[in-house]
$ cat protein21.tsv   # TSV, C-alpha atoms
chain	number	residue	atom	x	y	z
F	1	MET	CA	7.30	-8.08	-10.30
F	2	LEU	CA	4.75	-9.81	-8.03
F	3	GLU	CA	3.30	-13.25	-8.63
F	4	ILE	CA	0.72	-14.69	-6.22
F	5	LYS	CA	-0.32	-18.28	-6.87
F	6	HIS	CA	-3.25	-19.99	-5.14
F	7	LEU	CA	-2.62	-18.18	-1.85
F	8	CYS	CA	-4.55	-19.44	1.17
F	9	ALA	CA	-4.26	-17.73	4.54
F	10	SER	CA	-5.99	-17.63	7.89
F	11	VAL	CA	-6.19	-15.52	11.04
F	12	ASP	CA	-6.72	-17.22	14.40
F	13	GLY	CA	-7.59	-20.39	12.54
F	14	LYS	CA	-10.26	-18.73	10.38
F	15	PRO	CA	-9.66	-19.02	6.60
F	16	ILE	CA	-9.57	-15.59	4.94
F	17	LEU	CA	-7.79	-15.95	1.59
F	18	LYS	CA	-8.85	-18.89	-0.57
F	19	ARG	CA	-6.54	-19.74	-3.47
F	20	LEU	CA	-6.06	-16.11	-4.45
F	21	THR	CA	-4.07	-15.63	-7.65
F	22	LEU	CA	-2.75	-12.28	-8.92
F	23	SER	CA	0.08	-11.06	-11.16
F	24	VAL	CA	1.50	-7.52	-11.12
F	25	GLU	CA	4.05	-6.42	-13.71
F	26	LYS	CA	6.44	-3.46	-13.78
F	27	GLY	CA	4.81	-0.17	-14.71
F	28	GLN	CA	1.34	-1.31	-13.69
F	29	ILE	CA	-1.15	-0.02	-11.16
F	30	HIS	CA	-3.62	-2.56	-9.81
F	31	ALA	CA	-6.59	-1.59	-7.64
F	32	ILE	CA	-8.27	-4.12	-5.38
F	33	MET	CA	-11.82	-3.37	-4.27
F	34	GLY	CA	-14.40	-5.42	-2.44
F	35	PRO	CA	-16.77	-5.59	0.51
F	36	ASN	CA	-15.71	-5.57	4.15
F	37	GLY	CA	-14.25	-8.87	5.29
F	38	ALA	CA	-13.31	-10.00	1.80
F	39	GLY	CA	-9.59	-10.23	2.63
F	40	LYS	CA	-8.20	-7.03	1.13
F	41	SER	CA	-6.22	-5.85	4.16
F	42	THR	CA	-5.29	-9.45	4.96
F	43	LEU	CA	-3.59	-9.68	1.57
F	44	ALA	CA	-1.69	-6.43	2.18
F	45	LYS	CA	-0.48	-7.52	5.61
F	46	ILE	CA	0.63	-10.91	4.37
F	47	LEU	CA	2.67	-9.27	1.61
F	48	ALA	CA	4.27	-6.99	4.20
F	49	GLY	CA	5.06	-9.92	6.51
F	50	HIS	CA	2.68	-9.35	9.44
F	51	PRO	CA	3.24	-12.25	11.87
F	52	ALA	CA	-0.43	-12.57	12.91
F	53	TYR	CA	-1.43	-13.90	9.48
F	54	GLU	CA	-0.73	-17.54	8.67
F	55	VAL	CA	-0.17	-18.65	5.08
F	56	THR	CA	-1.50	-22.20	4.84
F	57	SER	CA	-0.69	-22.84	1.18
F	58	GLY	CA	0.26	-21.15	-2.08
F	59	GLU	CA	3.20	-19.11	-3.30
F	60	VAL	CA	4.20	-15.46	-3.47
F	61	TRP	CA	7.15	-14.40	-5.63
F	62	PHE	CA	8.59	-10.89	-5.65
F	63	LYS	CA	11.21	-10.05	-8.25
F	64	GLY	CA	12.01	-13.75	-8.54
F	65	GLN	CA	12.41	-14.24	-4.78
F	66	ASP	CA	10.20	-16.31	-2.48
F	67	LEU	CA	8.54	-13.51	-0.53
F	68	LEU	CA	7.10	-15.81	2.10
F	69	GLU	CA	10.61	-16.88	3.15
F	70	MET	CA	11.72	-13.28	3.72
F	71	SER	CA	11.48	-11.26	6.94
F	72	PRO	CA	9.66	-7.90	6.85
F	73	GLU	CA	13.06	-6.16	6.89
F	74	GLU	CA	14.28	-8.22	3.95
F	75	ARG	CA	11.11	-7.40	2.03
F	76	ALA	CA	11.67	-3.68	2.61
F	77	HIS	CA	15.29	-3.91	1.49
F	78	ALA	CA	14.17	-5.80	-1.63
F	79	GLY	CA	11.95	-2.85	-2.58
F	80	LEU	CA	8.52	-3.51	-1.06
F	81	PHE	CA	6.70	-0.71	0.77
F	82	MET	CA	3.36	-0.68	2.53
F	83	SER	CA	1.25	2.31	3.51
F	84	PHE	CA	-0.95	1.29	6.42
F	85	GLN	CA	-4.66	1.96	6.79
F	86	TYR	CA	-4.05	3.06	10.37
F	87	PRO	CA	-0.48	4.43	10.68
F	88	LEU	CA	0.96	3.95	14.17
F	89	GLU	CA	2.13	6.67	16.50
F	90	ILE	CA	5.67	6.11	17.79
F	91	ALA	CA	6.61	8.09	20.87
F	92	GLY	CA	10.24	9.09	21.36
F	93	VAL	CA	11.25	8.83	17.68
F	94	THR	CA	11.04	11.92	15.51
F	95	ASN	CA	10.20	11.89	11.84
F	96	ARG	CA	13.67	13.20	11.10
F	97	GLN	CA	15.35	10.37	13.02
F	98	PHE	CA	13.18	7.74	11.39
F	99	LEU	CA	13.51	8.99	7.82
F	100	GLU	CA	17.28	9.51	8.02
F	101	ALA	CA	17.82	6.09	9.63
F	102	ALA	CA	15.55	4.34	7.11
F	103	LEU	CA	17.23	5.98	4.14
F	104	LYS	CA	20.65	5.05	5.51
F	105	ALA	CA	19.58	1.44	6.12
F	106	GLN	CA	18.41	1.17	2.52
F	107	LYS	CA	21.51	2.98	1.27
F	108	LYS	CA	19.40	5.67	-0.34
F	109	GLU	CA	19.40	9.43	-0.37
F	110	GLY	CA	16.37	11.68	-0.48
F	111	GLU	CA	15.47	15.33	-0.55
F	112	ILE	CA	13.30	15.22	2.54
F	113	GLU	CA	12.36	18.89	2.71
F	114	LYS	CA	11.58	19.08	-1.00
F	115	LYS	CA	9.28	16.05	-0.80
F	116	MET	CA	7.58	17.49	2.29
F	117	ALA	CA	6.84	20.73	0.46
F	118	ALA	CA	5.26	18.82	-2.43
F	119	LEU	CA	2.97	16.97	-0.01
F	120	GLN	CA	2.18	20.14	1.95
F	121	ILE	CA	3.72	18.79	5.16
F	122	PRO	CA	5.06	21.57	7.45
F	123	LEU	CA	8.80	21.31	8.05
F	124	GLU	CA	8.31	21.45	11.82
F	125	PHE	CA	6.82	17.97	11.57
F	126	LEU	CA	10.36	16.66	11.11
F	127	ASP	CA	11.08	17.24	14.78
F	128	ARG	CA	7.78	15.83	16.05
F	129	ASN	CA	7.39	12.21	17.07
F	130	ILE	CA	6.16	9.91	14.31
F	131	ASN	CA	2.45	10.56	13.73
F	132	GLU	CA	1.99	11.78	17.32
F	133	GLY	CA	-0.82	14.32	17.39
F	134	PHE	CA	-1.19	14.16	13.60
F	135	SER	CA	-4.60	14.31	11.98
F	136	GLY	CA	-5.71	11.39	9.81
F	137	GLY	CA	-4.75	13.26	6.66
F	138	GLU	CA	-1.34	14.23	8.05
F	139	LYS	CA	-0.62	10.60	8.95
F	140	LYS	CA	-1.47	9.45	5.44
F	141	ARG	CA	0.65	12.19	3.88
F	142	ASN	CA	3.49	11.14	6.16
F	143	GLU	CA	3.20	7.60	4.78
F	144	ILE	CA	3.28	8.87	1.19
F	145	LEU	CA	6.31	11.00	2.10
F	146	GLN	CA	8.09	7.81	3.17
F	147	MET	CA	7.09	6.13	-0.08
F	148	ALA	CA	8.34	9.06	-2.14
F	149	LEU	CA	11.70	9.04	-0.36
F	150	PHE	CA	12.25	5.27	-0.42
F	151	ASN	CA	11.13	4.96	-4.06
F	152	PRO	CA	10.12	1.28	-3.74
F	153	ASP	CA	9.77	-1.17	-6.59
F	154	LEU	CA	6.33	-2.20	-5.30
F	155	ALA	CA	4.15	0.02	-3.13
F	156	ILE	CA	1.06	-1.39	-1.42
F	157	LEU	CA	-1.44	1.25	-0.33
F	158	ASP	CA	-3.92	-0.19	2.16
F	159	GLU	CA	-6.97	2.10	2.12
F	160	THR	CA	-4.81	5.21	2.05
F	161	ASP	CA	-7.92	7.26	1.21
F	162	SER	CA	-9.77	6.14	4.35
F	163	GLY	CA	-10.92	9.16	6.36
F	164	LEU	CA	-9.45	11.73	3.97
F	165	ASP	CA	-11.28	14.75	2.57
F	166	ILE	CA	-11.07	15.59	-1.12
F	167	ASP	CA	-8.16	18.02	-0.75
F	168	ALA	CA	-6.11	15.46	1.17
F	169	ILE	CA	-6.93	12.77	-1.40
F	170	ARG	CA	-5.68	15.03	-4.18
F	171	ILE	CA	-2.41	15.69	-2.34
F	172	VAL	CA	-1.87	12.00	-1.60
F	173	ALA	CA	-2.72	11.08	-5.20
F	174	LYS	CA	-0.23	13.65	-6.50
F	175	GLY	CA	2.52	12.00	-4.46
F	176	VAL	CA	1.55	8.57	-5.73
F	177	ASN	CA	1.39	9.67	-9.36
F	178	GLU	CA	4.81	11.29	-9.15
F	179	MET	CA	6.24	7.95	-8.07
F	180	ARG	CA	4.66	6.03	-10.94
F	181	GLY	CA	7.16	4.81	-13.52
F	182	LYS	CA	8.08	2.02	-15.90
F	183	GLU	CA	10.24	0.21	-13.34
F	184	ASN	CA	7.90	0.11	-10.35
F	185	ALA	CA	4.35	-0.98	-9.59
F	186	LEU	CA	1.48	-0.08	-7.28
F	187	LEU	CA	-1.14	-2.18	-5.55
F	188	ILE	CA	-3.98	0.03	-4.27
F	189	ILE	CA	-6.55	-1.37	-1.86
F	190	THR	CA	-9.61	0.82	-1.56
F	191	HIS	CA	-13.32	0.75	-0.80
F	192	TYR	CA	-14.16	3.73	-2.96
F	193	GLN	CA	-13.82	4.77	-6.55
F	194	ARG	CA	-13.02	8.39	-5.62
F	195	LEU	CA	-9.28	7.75	-5.16
F	196	LEU	CA	-9.22	6.21	-8.62
F	197	ASP	CA	-10.45	9.53	-10.05
F	198	TYR	CA	-6.92	10.78	-9.35
F	199	ILE	CA	-4.84	7.61	-9.66
F	200	ARG	CA	-5.86	5.78	-12.82
F	201	PRO	CA	-5.30	2.02	-12.48
F	202	ASP	CA	-4.48	-0.35	-15.30
F	203	PHE	CA	-6.54	-3.10	-13.70
F	204	VAL	CA	-9.33	-3.22	-11.13
F	205	HIS	CA	-9.95	-6.46	-9.24
F	206	VAL	CA	-12.93	-7.38	-7.10
F	207	LEU	CA	-11.91	-9.43	-4.09
F	208	ALA	CA	-14.80	-11.41	-2.63
F	209	ASP	CA	-14.84	-14.37	-0.27
F	210	GLY	CA	-11.06	-14.53	-0.21
F	211	LYS	CA	-10.36	-14.66	-3.92
F	212	ILE	CA	-10.38	-12.52	-7.06
F	213	ALA	CA	-13.95	-12.73	-8.34
F	214	ARG	CA	-13.72	-10.30	-11.22
F	215	THR	CA	-11.11	-8.24	-13.11
F	216	GLY	CA	-11.53	-5.30	-15.47
F	217	GLY	CA	-10.22	-1.89	-16.41
F	218	PRO	CA	-10.84	1.47	-14.72
F	219	GLU	CA	-14.47	1.37	-15.84
F	220	LEU	CA	-15.10	-1.52	-13.43
F	221	ALA	CA	-14.54	0.82	-10.46
F	222	LEU	CA	-17.25	3.15	-11.80
F	223	GLU	CA	-19.64	0.24	-12.17
F	224	LEU	CA	-18.98	-0.89	-8.60
F	225	GLU	CA	-19.53	2.64	-7.32
F	226	ALA	CA	-22.90	2.76	-9.09
F	227	LYS	CA	-24.16	-0.77	-8.49
F	228	GLY	CA	-22.24	-2.09	-5.48
F	229	TYR	CA	-20.77	-5.57	-5.13
F	230	ALA	CA	-23.97	-7.60	-5.20
$ encode --input "protein21.tsv" --output "structure tokens"
Amino acid sequence: MLEIKHLCASVDGKPILKRLTLSVEKGQIHAIMGPNGAGKSTLAKILAGHPAYEVTSGEVWFKGQDLLEMSPEERAHAGLFMSFQYPLEIAGVTNRQFLEAALKAQKKEGEIEKKMAALQIPLEFLDRNINEGFSGGEKKRNEILQMALFNPDLAILDETDSGLDIDAIRIVAKGVNEMRGKENALLIITHYQRLLDYIRPDFVHVLADGKIARTGGPELALELEAKGYA
């Protein structure tokens, strides 16, 4: 599904990722944890195609295609989705307009109202501007709603649990778990083990100093929660 080989990347000339290597197969959930500044969000943004991040060497293959040669739009059409740590507010575009246009662009259909009910999102949010006036939890649920509707092959969740209370985490996790299947994969970036109480990963990776420093099973997240990264 996703093959990252010796990826090096920088921001404003500062090296962030240093020969990072990672493989994600269909049906798998991978969690990436690590201290601040390790490169977790940098990795997510590079995979999504953020123009501010420069790949200096290495390869990224997604479903057999060279991801680094694809535009963000092409990556989305190929089945890659990213849930942002800080979802943007977009004035003048309602949720309904965005979701219907996005589904049409990807030639997909979705039961918007049914998915909203499952994520406890009020239907009146459809006619509000994207994320405008939403709480942190509502913004994150809105992102998971998009993921549920688009049904991507690979979903990247960049600190989706950031700023959420336990009830919101449970709702978000429910949406993520309902998407999980044999034909797709998830890459979860998180600081805390608490999200992994509800979304059980197959692999947990520790990202430190721009590369994968350690890999284990779900028990590794518990160890990190207890002992930290030192």
$ atom_distance --input "protein21.tsv" --atom1 "atom CA of F:Asn95" --atom2 "atom CA of F:Glu73"
18.9 Å
$ residues_around --input "protein21.tsv" --residues "F:Gly110" --least-positions-apart "5" --cutoff "9 Å" --atoms "all atoms listed in the file" --output "list in words"
Glu100, Leu103, Lys115, Ala148, Leu149 and Phe150 of chain F
$ closest_residue --input "protein21.tsv" --among "F:Pro201, F:Tyr229, F:Lys182, F:Glu143" --to "F:Gly216" --atoms "only C-alpha atoms"
F:Pro201
$ residues_around --input "protein21.tsv" --residues "F:Ala76" --least-positions-apart "3" --cutoff "12 Å" --atoms "all atoms listed in the file" --output "number ranges by chain"
F: 47-49, 62, 67, 70-73, 79-82, 102-103, 105-107, 147, 150-156
$ closest_residue --input "protein21.tsv" --among "F:Glu159, F:Glu54, F:Asp209, F:Glu3" --to "F:Leu195" --atoms "only C-alpha atoms"
F:Glu159
$ closest_residue --input "protein21.tsv" --among "F:Ser41, F:Asn36, F:Gln28, F:Thr56" --to "F:Pro15" --atoms "only C-alpha atoms"
F:Thr56
$ closest_residue --input "protein21.tsv" --among "F:Asn131, F:Thr215, F:Gln85, F:Leu187" --to "F:Gly163" --atoms "all atoms listed in the file"
F:Gln85
